[in-house]
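Data first, discussion second: the structure below is written as structure tokens.
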Amino acid sequence: MDDIEERAKVIYEYKISVQPIENVRILFSDMGRREYGMKKTIIAITIILFAAGTSIAGGYVAAKYAGEFMATGTDARALGMGGAYVAVANGVSAAYWNPAGLAHLNYPQIMGMYAERFAKLVNYNYGGIAIPSGEKNTLAFSFIRLGVDDIPVTALPNTDLELGAIYQDGDRTVINSPYVARTISDAEWAFYLSYAKYISHKLMWGSNAKIVTKHVGDNSAWGIGFDFGLLYQLYPRLNIGLNLQDITTTLLAYDTGRREAITPTVKLGAAYLWDLPSIKSRVTPAMDFDVRFENRRLASQFNMGRVSFDMHTGLEFEFRRIVAVRIGSDVGHFAAGAGFRLPSLNIDYAFLSHDELGDTHRISLLLTLKEEKFSRK
């Protein structure tokens, strides 16, 4: 029996490491000869990164939800579409959704987003800046912070007695009840350094190097991870996207000695950009799938053993490139939003419903520096 279990484990680990690479191979199979050299290069990079993640993950515990704070998403436009954005991403927030989308930029962009989640108990902040470089490159820096601040830490006045005990403190008779000795914060940060390259009007790729830190009271952890994204125009107006998050397995080392591994997530998406010239509008339906390998089972929408699948769907209607309305489903939760576009400033709002954890409201601001001196050269 032990031999059978060991064989099953080896087969399972092999499938996990190889399947995302197979997806990349299929994606490139229909590309023309001009992209053939890039095809081989990117597949080679993917294989090397997966191999590196497999080789260095020894001694680490595959911790379920260790990177969950990075799964919330950024940009109220994307979140109003239910997070179906892997094949839509074309601005500074693409660094999160699909770093390949950064290659669309012709001018620098700056974005910020703020949200209060779970009945205002959790603060969620995002900021990013992206700068086109040369004819085909884009660089970006961004961060995500999820925090619960002012968490009370209580103590007993007399630690030698039980809770609720009555005792004499000098001339006073007091009850041994807890008081707030101090407050602490639980803060989780992710810092992204991103690069994207424009290969052709059909193909773009990008990558992230990220530093992840966690601080809970007096304890902390940190780690380094990598993402890799592709954006490909399969047919005119039909885009498909691939984002391999934590592709090498992001490793977290705690100062307590514990070691955790954030396992890879495969995000696949498709979007159709349907223009309506008669009313100067555009309709964009989109769909994404998140594939994880951390044994979420019933916590996901669908699973096959340790592999889980979650779906995002969204629809955006943009009128005259001024006003937009959005609707979507974020892993089964209703999402909606709206946006207003000024000459250089976009203001977007998103709403997400949740029966158990309360509704969430998000707002983001996007500034585009549309001046000739800042344009892509």
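Residues are referred to by chain and number: the chain letter is A, B, ... according to the order shown in the structure tokens, the number counts from 1 in that chain, and ligands are numbered separately from 1 in the order shown.
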
For Leu121 in chain A, work out the shell of residues within 12 Å, counting only C-alpha atoms and skipping chain neighbours fewer than 2 positions away, then give it as a PDB file with C-alpha atoms, in the first residue's frame.
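Once written, selection.pdb looks like this:
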ATOM      1  CA  ALA A 115     -11.634  49.587   0.147  1.00  0.00           C
ATOM      2  CA  GLU A 116     -13.024  48.601   3.537  1.00  0.00           C
ATOM      3  CA  ARG A 117     -13.991  44.935   3.683  1.00  0.00           C
ATOM      4  CA  PHE A 118     -15.958  42.705   6.031  1.00  0.00           C
ATOM      5  CA  ALA A 119     -18.100  45.385   7.686  1.00  0.00           C
ATOM      6  CA  ASN A 123      -8.592  47.883   5.144  1.00  0.00           C
ATOM      7  CA  TYR A 124      -7.405  47.133   1.631  1.00  0.00           C
ATOM      8  CA  LEU A 146      -4.358  44.306   3.543  1.00  0.00           C
ATOM      9  CA  GLY A 147      -4.507  45.192   7.206  1.00  0.00           C
ATOM     10  CA  VAL A 148      -6.526  44.870  10.375  1.00  0.00           C
ATOM     11  CA  ASP A 149      -5.459  47.734  12.607  1.00  0.00           C
ATOM     12  CA  ASP A 150      -5.918  48.469  16.309  1.00  0.00           C
ATOM     13  CA  ILE A 151      -6.414  44.854  17.387  1.00  0.00           C
ATOM     14  CA  SER A 185      -1.856  45.390  13.714  1.00  0.00           C
ATOM     15  CA  ASP A 186      -2.029  42.516  11.249  1.00  0.00           C
ATOM     16  CA  LEU A 357     -19.039  38.662   5.330  1.00  0.00           C
ATOM     17  CA  GLY A 358     -20.860  41.831   4.336  1.00  0.00           C
ATOM     18  CA  ASP A 359     -20.817  43.974   1.207  1.00  0.00           C
ATOM     19  CA  THR A 360     -17.695  45.737  -0.039  1.00  0.00           C
TER      20      THR A 360
END

Shell of 12 Å around Asp160 in chain A, only C-alpha atoms, local chain residues under 6 positions omitted, as a list in words: Ile166, Tyr167 and Asn176 of chain A

Distance in Å - CA of Val212 in chain A versus CA of Asn243 in chain A: 18.2 Å

As a compact mmCIF listing (two decimals) with N, CA and C atoms, in the first residue's frame, please: every residue in range 73-295 of chain A that a backbone DSSP assignment puts in strand (DSSP E or B).
# COMPACT_ATOMS: atom_id res chain seq x y z
N GLN A 109 1.02 55.94 -16.29
CA GLN A 109 -0.22 55.93 -15.52
C GLN A 109 0.07 55.75 -14.04
N ILE A 110 -0.78 56.35 -13.23
CA ILE A 110 -0.71 56.22 -11.77
C ILE A 110 -2.10 55.86 -11.28
N MET A 111 -2.20 54.86 -10.40
CA MET A 111 -3.51 54.44 -9.89
C MET A 111 -3.45 54.21 -8.39
N GLY A 112 -4.57 54.48 -7.74
CA GLY A 112 -4.74 54.17 -6.33
C GLY A 112 -6.13 53.63 -6.09
N MET A 113 -6.28 52.71 -5.14
CA MET A 113 -7.59 52.15 -4.79
C MET A 113 -7.67 51.95 -3.29
N TYR A 114 -8.87 52.19 -2.76
CA TYR A 114 -9.11 51.99 -1.33
C TYR A 114 -10.41 51.23 -1.15
N ALA A 115 -10.41 50.34 -0.16
CA ALA A 115 -11.63 49.59 0.15
C ALA A 115 -11.63 49.20 1.61
N GLU A 116 -12.82 49.14 2.19
CA GLU A 116 -13.02 48.60 3.54
C GLU A 116 -13.86 47.34 3.39
N ARG A 117 -13.33 46.22 3.87
CA ARG A 117 -13.99 44.93 3.68
C ARG A 117 -14.50 44.37 5.00
N VAL A 122 -11.56 45.31 7.79
CA VAL A 122 -10.32 45.09 7.06
C VAL A 122 -10.12 46.23 6.07
N ASN A 123 -8.94 46.84 6.10
CA ASN A 123 -8.59 47.88 5.14
C ASN A 123 -7.76 47.27 4.02
N TYR A 124 -8.10 47.67 2.80
CA TYR A 124 -7.40 47.13 1.63
C TYR A 124 -6.99 48.30 0.74
N ASN A 125 -5.68 48.41 0.47
CA ASN A 125 -5.16 49.53 -0.30
C ASN A 125 -4.28 49.02 -1.44
N TYR A 126 -4.30 49.77 -2.53
CA TYR A 126 -3.47 49.45 -3.69
C TYR A 126 -2.95 50.73 -4.31
N GLY A 127 -1.72 50.70 -4.79
CA GLY A 127 -1.14 51.82 -5.52
C GLY A 127 -0.20 51.30 -6.58
N GLY A 128 -0.14 52.00 -7.72
CA GLY A 128 0.75 51.54 -8.78
C GLY A 128 1.13 52.65 -9.73
N ILE A 129 2.28 52.51 -10.36
CA ILE A 129 2.74 53.44 -11.39
C ILE A 129 3.39 52.63 -12.51
N ALA A 130 3.09 52.98 -13.76
CA ALA A 130 3.64 52.29 -14.92
C ALA A 130 4.19 53.31 -15.89
N ILE A 131 5.35 52.99 -16.48
CA ILE A 131 6.03 53.92 -17.38
C ILE A 131 6.48 53.18 -18.63
N PRO A 132 5.99 53.58 -19.81
CA PRO A 132 6.50 52.99 -21.05
C PRO A 132 7.98 53.32 -21.23
N SER A 133 8.74 52.38 -21.78
CA SER A 133 10.17 52.57 -21.97
C SER A 133 10.55 52.12 -23.37
N ASN A 137 8.79 48.31 -24.54
CA ASN A 137 8.90 47.88 -23.14
C ASN A 137 8.08 48.77 -22.22
N THR A 138 7.66 48.18 -21.10
CA THR A 138 6.96 48.93 -20.05
C THR A 138 7.44 48.44 -18.70
N LEU A 139 7.71 49.38 -17.80
CA LEU A 139 8.11 49.07 -16.43
C LEU A 139 7.03 49.56 -15.48
N ALA A 140 6.85 48.87 -14.37
CA ALA A 140 5.83 49.27 -13.40
C ALA A 140 6.25 48.87 -11.99
N PHE A 141 5.75 49.63 -11.03
CA PHE A 141 5.91 49.30 -9.61
C PHE A 141 4.55 49.46 -8.95
N SER A 142 4.17 48.50 -8.11
CA SER A 142 2.87 48.58 -7.43
C SER A 142 2.94 47.85 -6.10
N PHE A 143 1.93 48.09 -5.27
CA PHE A 143 1.87 47.43 -3.97
C PHE A 143 0.43 47.15 -3.60
N ILE A 144 0.25 46.16 -2.74
CA ILE A 144 -1.04 45.82 -2.14
C ILE A 144 -0.83 45.74 -0.63
N ARG A 145 -1.74 46.31 0.12
CA ARG A 145 -1.71 46.16 1.58
C ARG A 145 -3.09 45.77 2.08
N LEU A 146 -3.14 44.70 2.83
CA LEU A 146 -4.36 44.31 3.54
C LEU A 146 -4.03 44.33 5.03
N GLY A 147 -4.83 45.06 5.79
CA GLY A 147 -4.51 45.19 7.21
C GLY A 147 -5.73 45.25 8.11
N VAL A 148 -5.56 44.71 9.29
CA VAL A 148 -6.53 44.87 10.37
C VAL A 148 -5.79 45.63 11.46
N ASP A 149 -6.18 46.86 11.68
CA ASP A 149 -5.46 47.73 12.61
C ASP A 149 -6.16 47.81 13.96
N ASP A 150 -5.39 48.24 14.95
CA ASP A 150 -5.92 48.47 16.31
C ASP A 150 -6.60 47.22 16.88
N ILE A 151 -5.92 46.08 16.78
CA ILE A 151 -6.41 44.85 17.39
C ILE A 151 -6.07 44.89 18.88
N PRO A 152 -7.06 44.83 19.77
CA PRO A 152 -6.76 44.92 21.21
C PRO A 152 -6.12 43.64 21.75
N VAL A 153 -5.10 43.82 22.53
CA VAL A 153 -4.46 42.73 23.25
C VAL A 153 -4.76 42.93 24.73
N THR A 154 -5.47 41.97 25.33
CA THR A 154 -5.91 42.12 26.71
C THR A 154 -5.01 41.36 27.68
N ALA A 155 -5.10 41.76 28.91
CA ALA A 155 -4.33 41.10 29.97
C ALA A 155 -5.14 41.15 31.26
N ILE A 166 -12.33 37.54 42.70
CA ILE A 166 -12.39 38.77 43.49
C ILE A 166 -11.23 38.78 44.47
N TYR A 167 -10.52 39.89 44.52
CA TYR A 167 -9.36 39.97 45.41
C TYR A 167 -9.19 41.40 45.91
N GLN A 168 -8.35 41.56 46.91
CA GLN A 168 -8.07 42.85 47.51
C GLN A 168 -6.83 43.47 46.88
N ASP A 169 -6.98 44.71 46.43
CA ASP A 169 -5.85 45.47 45.90
C ASP A 169 -5.70 46.71 46.78
N ARG A 172 -8.95 48.40 48.06
CA ARG A 172 -10.05 48.18 47.11
C ARG A 172 -10.32 46.69 46.92
N THR A 173 -11.59 46.39 46.73
CA THR A 173 -12.00 45.04 46.34
C THR A 173 -12.30 45.09 44.86
N VAL A 174 -11.54 44.29 44.08
CA VAL A 174 -11.65 44.37 42.62
C VAL A 174 -11.91 42.98 42.04
N ILE A 175 -12.39 42.98 40.82
CA ILE A 175 -12.62 41.74 40.06
C ILE A 175 -11.49 41.59 39.05
N TYR A 179 -8.27 43.85 30.75
CA TYR A 179 -8.22 45.22 30.27
C TYR A 179 -7.33 45.24 29.01
N VAL A 180 -7.45 46.31 28.22
CA VAL A 180 -6.67 46.44 26.99
C VAL A 180 -5.27 46.93 27.34
N ALA A 181 -4.31 46.04 27.22
CA ALA A 181 -2.94 46.40 27.56
C ALA A 181 -2.25 47.16 26.44
N ARG A 182 -2.54 46.78 25.18
CA ARG A 182 -1.98 47.46 24.01
C ARG A 182 -2.76 47.04 22.78
N THR A 183 -2.46 47.68 21.68
CA THR A 183 -3.08 47.31 20.40
C THR A 183 -1.98 46.94 19.41
N ILE A 184 -2.30 46.02 18.49
CA ILE A 184 -1.36 45.60 17.47
C ILE A 184 -2.07 45.64 16.11
N SER A 185 -1.31 45.43 15.06
CA SER A 185 -1.86 45.39 13.71
C SER A 185 -1.46 44.08 13.03
N ASP A 186 -2.33 43.64 12.14
CA ASP A 186 -2.03 42.52 11.25
C ASP A 186 -1.96 43.09 9.84
N ALA A 187 -0.77 43.22 9.28
CA ALA A 187 -0.59 43.84 7.97
C ALA A 187 0.13 42.88 7.04
N GLU A 188 -0.43 42.75 5.83
CA GLU A 188 0.16 41.90 4.80
C GLU A 188 0.42 42.76 3.56
N TRP A 189 1.66 42.72 3.08
CA TRP A 189 2.10 43.57 1.98
C TRP A 189 2.61 42.71 0.83
N ALA A 190 2.39 43.20 -0.40
CA ALA A 190 3.02 42.61 -1.59
C ALA A 190 3.51 43.76 -2.46
N PHE A 191 4.79 43.74 -2.81
CA PHE A 191 5.39 44.77 -3.65
C PHE A 191 5.76 44.13 -4.99
N TYR A 192 5.28 44.73 -6.09
CA TYR A 192 5.48 44.17 -7.42
C TYR A 192 6.42 45.06 -8.25
N LEU A 193 7.42 44.47 -8.84
CA LEU A 193 8.24 45.11 -9.86
C LEU A 193 7.96 44.38 -11.17
N SER A 194 7.43 45.10 -12.16
CA SER A 194 6.89 44.46 -13.35
C SER A 194 7.60 44.93 -14.62
N TYR A 195 7.62 44.02 -15.59
CA TYR A 195 8.19 44.32 -16.90
C TYR A 195 7.30 43.66 -17.96
N ALA A 196 7.03 44.42 -19.03
CA ALA A 196 6.22 43.87 -20.13
C ALA A 196 6.87 44.22 -21.46
N LYS A 197 6.68 43.36 -22.44
CA LYS A 197 7.27 43.56 -23.77
C LYS A 197 6.22 43.33 -24.85
N TYR A 198 6.19 44.25 -25.80
CA TYR A 198 5.30 44.17 -26.95
C TYR A 198 6.03 43.41 -28.06
N LEU A 203 0.67 39.57 -29.86
CA LEU A 203 1.31 38.89 -28.74
C LEU A 203 2.09 39.86 -27.85
N MET A 204 1.85 39.75 -26.54
CA MET A 204 2.60 40.49 -25.54
C MET A 204 2.88 39.57 -24.36
N TRP A 205 3.98 39.81 -23.67
CA TRP A 205 4.27 39.03 -22.47
C TRP A 205 4.79 39.96 -21.38
N GLY A 206 4.68 39.50 -20.14
CA GLY A 206 5.15 40.30 -19.02
C GLY A 206 5.43 39.43 -17.81
N SER A 207 6.12 39.98 -16.85
CA SER A 207 6.47 39.23 -15.64
C SER A 207 6.53 40.15 -14.44
N ASN A 208 6.37 39.56 -13.27
CA ASN A 208 6.49 40.27 -11.99
C ASN A 208 7.54 39.58 -11.13
N ALA A 209 8.31 40.39 -10.43
CA ALA A 209 9.08 39.91 -9.29
C ALA A 209 8.46 40.59 -8.08
N LYS A 210 8.11 39.83 -7.05
CA LYS A 210 7.40 40.44 -5.93
C LYS A 210 7.98 40.01 -4.60
N ILE A 211 7.90 40.94 -3.68
CA ILE A 211 8.30 40.69 -2.29
C ILE A 211 7.04 40.68 -1.44
N VAL A 212 6.85 39.64 -0.67
CA VAL A 212 5.69 39.50 0.20
C VAL A 212 6.14 39.56 1.65
N THR A 213 5.48 40.40 2.44
CA THR A 213 5.80 40.50 3.87
C THR A 213 4.51 40.44 4.67
N LYS A 214 4.61 39.86 5.87
CA LYS A 214 3.49 39.80 6.80
C LYS A 214 3.98 40.20 8.19
N HIS A 215 3.17 40.97 8.88
CA HIS A 215 3.51 41.41 10.23
C HIS A 215 2.28 41.24 11.13
N VAL A 216 2.42 40.45 12.15
CA VAL A 216 1.35 40.24 13.13
C VAL A 216 1.94 40.49 14.51
N ASN A 219 5.69 39.53 15.45
CA ASN A 219 6.23 38.52 14.55
C ASN A 219 6.04 38.92 13.09
N SER A 220 6.89 38.37 12.23
CA SER A 220 6.84 38.75 10.82
C SER A 220 7.32 37.61 9.94
N ALA A 221 7.04 37.76 8.65
CA ALA A 221 7.50 36.79 7.65
C ALA A 221 7.77 37.55 6.36
N TRP A 222 8.60 36.97 5.52
CA TRP A 222 8.84 37.57 4.22
C TRP A 222 9.18 36.48 3.21
N GLY A 223 8.97 36.82 1.93
CA GLY A 223 9.27 35.87 0.87
C GLY A 223 9.37 36.57 -0.47
N ILE A 224 9.82 35.85 -1.47
CA ILE A 224 9.98 36.36 -2.83
C ILE A 224 9.26 35.43 -3.80
N GLY A 225 8.55 36.02 -4.76
CA GLY A 225 7.83 35.22 -5.74
C GLY A 225 7.87 35.85 -7.12
N PHE A 226 7.36 35.11 -8.12
CA PHE A 226 7.38 35.57 -9.50
C PHE A 226 6.06 35.20 -10.18
N ASP A 227 5.63 36.08 -11.10
CA ASP A 227 4.46 35.84 -11.93
C ASP A 227 4.89 35.95 -13.40
N PHE A 228 4.12 35.31 -14.27
CA PHE A 228 4.42 35.38 -15.70
C PHE A 228 3.11 35.42 -16.46
N GLY A 229 2.97 36.38 -17.39
CA GLY A 229 1.72 36.54 -18.11
C GLY A 229 1.88 36.63 -19.62
N LEU A 230 0.84 36.22 -20.33
CA LEU A 230 0.77 36.29 -21.79
C LEU A 230 -0.58 36.87 -22.20
N LEU A 231 -0.56 37.66 -23.25
CA LEU A 231 -1.79 38.19 -23.83
C LEU A 231 -1.71 37.97 -25.34
N TYR A 232 -2.71 37.30 -25.90
CA TYR A 232 -2.67 36.92 -27.31
C TYR A 232 -4.01 37.19 -27.97
N GLN A 233 -3.95 37.81 -29.16
CA GLN A 233 -5.16 38.06 -29.94
C GLN A 233 -5.41 36.85 -30.82
N LEU A 234 -6.32 35.99 -30.39
CA LEU A 234 -6.60 34.75 -31.10
C LEU A 234 -7.28 35.03 -32.43
N TYR A 235 -8.28 35.92 -32.41
CA TYR A 235 -8.97 36.39 -33.60
C TYR A 235 -9.17 37.89 -33.43
N LEU A 238 -10.94 39.19 -30.32
CA LEU A 238 -11.00 38.15 -29.31
C LEU A 238 -9.61 37.96 -28.70
N ASN A 239 -9.50 38.30 -27.42
CA ASN A 239 -8.23 38.17 -26.70
C ASN A 239 -8.30 37.00 -25.73
N ILE A 240 -7.19 36.32 -25.58
CA ILE A 240 -7.06 35.33 -24.52
C ILE A 240 -5.85 35.68 -23.68
N GLY A 241 -5.93 35.42 -22.39
CA GLY A 241 -4.85 35.77 -21.49
C GLY A 241 -4.50 34.63 -20.55
N LEU A 242 -3.25 34.62 -20.13
CA LEU A 242 -2.76 33.62 -19.19
C LEU A 242 -1.87 34.31 -18.18
N ASN A 243 -2.15 34.09 -16.91
CA ASN A 243 -1.33 34.65 -15.84
C ASN A 243 -0.96 33.52 -14.88
N LEU A 244 0.32 33.21 -14.81
CA LEU A 244 0.83 32.19 -13.90
C LEU A 244 1.35 32.90 -12.65
N GLN A 245 0.54 32.93 -11.62
CA GLN A 245 0.93 33.61 -10.39
C GLN A 245 1.71 32.67 -9.48
N THR A 250 5.92 30.74 -4.19
CA THR A 250 6.43 31.82 -3.33
C THR A 250 6.63 31.28 -1.92
N LEU A 251 7.83 31.42 -1.41
CA LEU A 251 8.20 30.84 -0.12
C LEU A 251 8.23 31.92 0.95
N LEU A 252 7.54 31.66 2.06
CA LEU A 252 7.47 32.59 3.19
C LEU A 252 8.24 32.01 4.37
N ALA A 253 9.15 32.79 4.91
CA ALA A 253 9.93 32.38 6.08
C ALA A 253 9.54 33.27 7.25
N TYR A 254 9.02 32.66 8.32
CA TYR A 254 8.62 33.39 9.53
C TYR A 254 9.78 33.46 10.52
N ARG A 259 7.97 27.74 7.97
CA ARG A 259 8.16 28.03 6.55
C ARG A 259 6.92 27.59 5.78
N GLU A 260 6.36 28.53 4.99
CA GLU A 260 5.16 28.26 4.23
C GLU A 260 5.42 28.48 2.74
N ALA A 261 4.70 27.74 1.91
CA ALA A 261 4.81 27.86 0.46
C ALA A 261 3.46 28.27 -0.12
N ILE A 262 3.46 29.36 -0.90
CA ILE A 262 2.27 29.77 -1.64
C ILE A 262 2.32 29.09 -3.00
N THR A 265 -0.90 29.60 -8.95
CA THR A 265 -2.27 29.75 -9.42
C THR A 265 -2.23 30.04 -10.91
N VAL A 266 -3.03 29.32 -11.67
CA VAL A 266 -3.13 29.54 -13.11
C VAL A 266 -4.43 30.30 -13.37
N LYS A 267 -4.31 31.50 -13.95
CA LYS A 267 -5.48 32.30 -14.29
C LYS A 267 -5.59 32.35 -15.82
N LEU A 268 -6.70 31.82 -16.32
CA LEU A 268 -6.98 31.80 -17.76
C LEU A 268 -8.17 32.69 -18.05
N GLY A 269 -8.09 33.49 -19.11
CA GLY A 269 -9.19 34.39 -19.41
C GLY A 269 -9.39 34.61 -20.89
N ALA A 270 -10.61 35.02 -21.24
CA ALA A 270 -10.95 35.37 -22.62
C ALA A 270 -11.88 36.58 -22.59
N ALA A 271 -11.75 37.46 -23.58
CA ALA A 271 -12.59 38.65 -23.66
C ALA A 271 -12.82 39.01 -25.12
N TYR A 272 -14.02 39.51 -25.40
CA TYR A 272 -14.36 39.93 -26.76
C TYR A 272 -14.65 41.42 -26.74
N TRP A 274 -16.29 44.18 -28.48
CA TRP A 274 -17.33 44.37 -29.50
C TRP A 274 -17.64 45.86 -29.62
N ASP A 275 -17.16 46.47 -30.70
CA ASP A 275 -17.40 47.89 -30.94
C ASP A 275 -18.74 48.11 -31.62
N LEU A 276 -19.42 49.22 -31.23
CA LEU A 276 -20.70 49.62 -31.81
C LEU A 276 -20.54 51.03 -32.37
N SER A 281 -19.80 53.25 -29.00
CA SER A 281 -19.75 52.51 -27.74
C SER A 281 -19.01 51.19 -27.93
N ARG A 282 -18.75 50.53 -26.80
CA ARG A 282 -18.10 49.22 -26.83
C ARG A 282 -18.71 48.34 -25.75
N VAL A 283 -18.94 47.07 -26.08
CA VAL A 283 -19.40 46.07 -25.12
C VAL A 283 -18.29 45.03 -24.99
N THR A 284 -17.92 44.72 -23.75
CA THR A 284 -16.84 43.77 -23.50
C THR A 284 -17.30 42.68 -22.55
N PRO A 285 -17.67 41.51 -23.07
CA PRO A 285 -17.92 40.36 -22.19
C PRO A 285 -16.60 39.64 -21.92
N ALA A 286 -16.43 39.12 -20.71
CA ALA A 286 -15.18 38.46 -20.34
C ALA A 286 -15.45 37.32 -19.37
N MET A 287 -14.53 36.34 -19.38
CA MET A 287 -14.64 35.20 -18.47
C MET A 287 -13.24 34.74 -18.09
N ASP A 288 -13.05 34.46 -16.79
CA ASP A 288 -11.77 33.96 -16.28
C ASP A 288 -11.99 32.69 -15.47
N PHE A 289 -10.96 31.87 -15.41
CA PHE A 289 -10.93 30.70 -14.52
C PHE A 289 -9.65 30.74 -13.70
N ASP A 290 -9.79 30.52 -12.40
CA ASP A 290 -8.64 30.38 -11.51
C ASP A 290 -8.45 28.90 -11.19
N VAL A 291 -7.27 28.40 -11.45
CA VAL A 291 -6.96 26.99 -11.17
C VAL A 291 -5.90 26.96 -10.08
N ARG A 292 -6.22 26.33 -8.96
CA ARG A 292 -5.30 26.27 -7.82
C ARG A 292 -5.01 24.80 -7.47

Gap from CA of Thr263 in chain A to CA of Glu294 in chain A - Å, one decimal: 6.7 Å

Distance query Ala324 in chain A at most 9 Å, only C-alpha atoms, self and fewer than 6 positions along chain excluded, as a list of chain:residue names: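 Here the answer would be A:Glu316, A:Phe317, A:Glu318, A:Gly337, A:Ala338, A:Gly339, A:Phe340, A:Arg341, A:Asp348.
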
Could the residues in this selection be saved with N, CA and C atoms as a JSON list (two decimals), in the first residue's frame?
[["chain", "number", "residue", "atom", "x", "y", "z"],
["A", 316, "GLU", "N", -18.94, 44.72, -19.56],
["A", 316, "GLU", "CA", -18.81, 46.18, -19.48],
["A", 316, "GLU", "C", -19.43, 46.82, -20.70],
["A", 317, "PHE", "N", -20.24, 47.87, -20.47],
["A", 317, "PHE", "CA", -20.77, 48.68, -21.55],
["A", 317, "PHE", "C", -20.22, 50.09, -21.39],
["A", 318, "GLU", "N", -19.45, 50.52, -22.40],
["A", 318, "GLU", "CA", -18.82, 51.83, -22.35],
["A", 318, "GLU", "C", -19.43, 52.71, -23.43],
["A", 337, "GLY", "N", -20.56, 47.78, -11.07],
["A", 337, "GLY", "CA", -19.76, 48.99, -10.95],
["A", 337, "GLY", "C", -20.06, 49.98, -12.04],
["A", 338, "ALA", "N", -19.40, 51.12, -11.95],
["A", 338, "ALA", "CA", -19.57, 52.19, -12.93],
["A", 338, "ALA", "C", -18.29, 52.99, -12.98],
["A", 339, "GLY", "N", -18.10, 53.68, -14.10],
["A", 339, "GLY", "CA", -16.92, 54.50, -14.25],
["A", 339, "GLY", "C", -17.20, 55.75, -15.05],
["A", 340, "PHE", "N", -16.37, 56.77, -14.80],
["A", 340, "PHE", "CA", -16.51, 58.04, -15.50],
["A", 340, "PHE", "C", -15.12, 58.46, -15.95],
["A", 341, "ARG", "N", -14.98, 58.77, -17.24],
["A", 341, "ARG", "CA", -13.66, 59.08, -17.80],
["A", 341, "ARG", "C", -13.57, 60.56, -18.16],
["A", 348, "ASP", "N", -13.53, 55.18, -10.95],
["A", 348, "ASP", "CA", -14.30, 53.93, -11.04],
["A", 348, "ASP", "C", -14.76, 53.48, -9.66]]

Selected residue, from A:Asn346, A:Lys373, A:Met81, A:Lys136, that lies nearest to His333 in chain A when counting only C-alpha atoms: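 Looking only at the distances to His333 in chain A, the closest residue turns out to be A:Met81.
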
Point-to-point distance from CA of Ala89 in chain A to CA of Pro343 in chain A, Å rounded to tenths: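 A separation of 19.8 Å between them.
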
Secondary structure check, alpha helix (DSSP H) residues of range 52-194 of chain A, as a PyMOL selection string: chain A and resi 52-56+76-80+94-97

Can you spit out the residues from that selection as a PDB file, in the first residue's frame, using N, CA and C atoms?
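Result went into part02.pdb, see below:
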ATOM      1  N   ALA A  52      12.708  25.338 -10.875  1.00  0.00           N
ATOM      2  CA  ALA A  52      13.327  26.029  -9.742  1.00  0.00           C
ATOM      3  C   ALA A  52      12.417  26.001  -8.537  1.00  0.00           C
ATOM      4  N   GLY A  53      11.098  26.232  -8.764  1.00  0.00           N
ATOM      5  CA  GLY A  53      10.159  26.201  -7.652  1.00  0.00           C
ATOM      6  C   GLY A  53      10.088  24.841  -7.015  1.00  0.00           C
ATOM      7  N   THR A  54      10.146  23.786  -7.846  1.00  0.00           N
ATOM      8  CA  THR A  54      10.084  22.428  -7.310  1.00  0.00           C
ATOM      9  C   THR A  54      11.310  22.095  -6.481  1.00  0.00           C
ATOM     10  N   SER A  55      12.488  22.568  -6.932  1.00  0.00           N
ATOM     11  CA  SER A  55      13.731  22.194  -6.274  1.00  0.00           C
ATOM     12  C   SER A  55      13.947  22.914  -4.956  1.00  0.00           C
ATOM     13  N   ILE A  56      13.422  24.146  -4.813  1.00  0.00           N
ATOM     14  CA  ILE A  56      13.704  24.913  -3.598  1.00  0.00           C
ATOM     15  C   ILE A  56      12.584  24.836  -2.583  1.00  0.00           C
ATOM     16  N   ALA A  76     -11.055  49.175  -9.487  1.00  0.00           N
ATOM     17  CA  ALA A  76     -12.511  49.049  -9.384  1.00  0.00           C
ATOM     18  C   ALA A  76     -13.150  48.691 -10.722  1.00  0.00           C
ATOM     19  N   ARG A  77     -12.510  49.050 -11.828  1.00  0.00           N
ATOM     20  CA  ARG A  77     -13.060  48.649 -13.129  1.00  0.00           C
ATOM     21  C   ARG A  77     -13.064  47.123 -13.239  1.00  0.00           C
ATOM     22  N   ALA A  78     -11.947  46.508 -12.931  1.00  0.00           N
ATOM     23  CA  ALA A  78     -11.847  45.046 -13.017  1.00  0.00           C
ATOM     24  C   ALA A  78     -12.773  44.367 -12.024  1.00  0.00           C
ATOM     25  N   LEU A  79     -12.850  44.898 -10.805  1.00  0.00           N
ATOM     26  CA  LEU A  79     -13.649  44.268  -9.769  1.00  0.00           C
ATOM     27  C   LEU A  79     -15.148  44.432 -10.033  1.00  0.00           C
ATOM     28  N   GLY A  80     -15.533  45.516 -10.720  1.00  0.00           N
ATOM     29  CA  GLY A  80     -16.927  45.677 -11.113  1.00  0.00           C
ATOM     30  C   GLY A  80     -17.352  44.667 -12.158  1.00  0.00           C
ATOM     31  N   ALA A  94      -2.759  46.143 -14.783  1.00  0.00           N
ATOM     32  CA  ALA A  94      -2.417  44.876 -15.425  1.00  0.00           C
ATOM     33  C   ALA A  94      -1.253  44.191 -14.729  1.00  0.00           C
ATOM     34  N   ALA A  95      -0.427  44.953 -14.018  1.00  0.00           N
ATOM     35  CA  ALA A  95       0.675  44.350 -13.272  1.00  0.00           C
ATOM     36  C   ALA A  95       0.172  43.250 -12.357  1.00  0.00           C
ATOM     37  N   TYR A  96      -1.040  43.409 -11.838  1.00  0.00           N
ATOM     38  CA  TYR A  96      -1.642  42.378 -10.988  1.00  0.00           C
ATOM     39  C   TYR A  96      -2.384  41.341 -11.828  1.00  0.00           C
ATOM     40  N   TRP A  97      -3.267  41.780 -12.728  1.00  0.00           N
ATOM     41  CA  TRP A  97      -4.167  40.863 -13.423  1.00  0.00           C
ATOM     42  C   TRP A  97      -3.451  40.036 -14.490  1.00  0.00           C
TER      43      TRP A  97
END
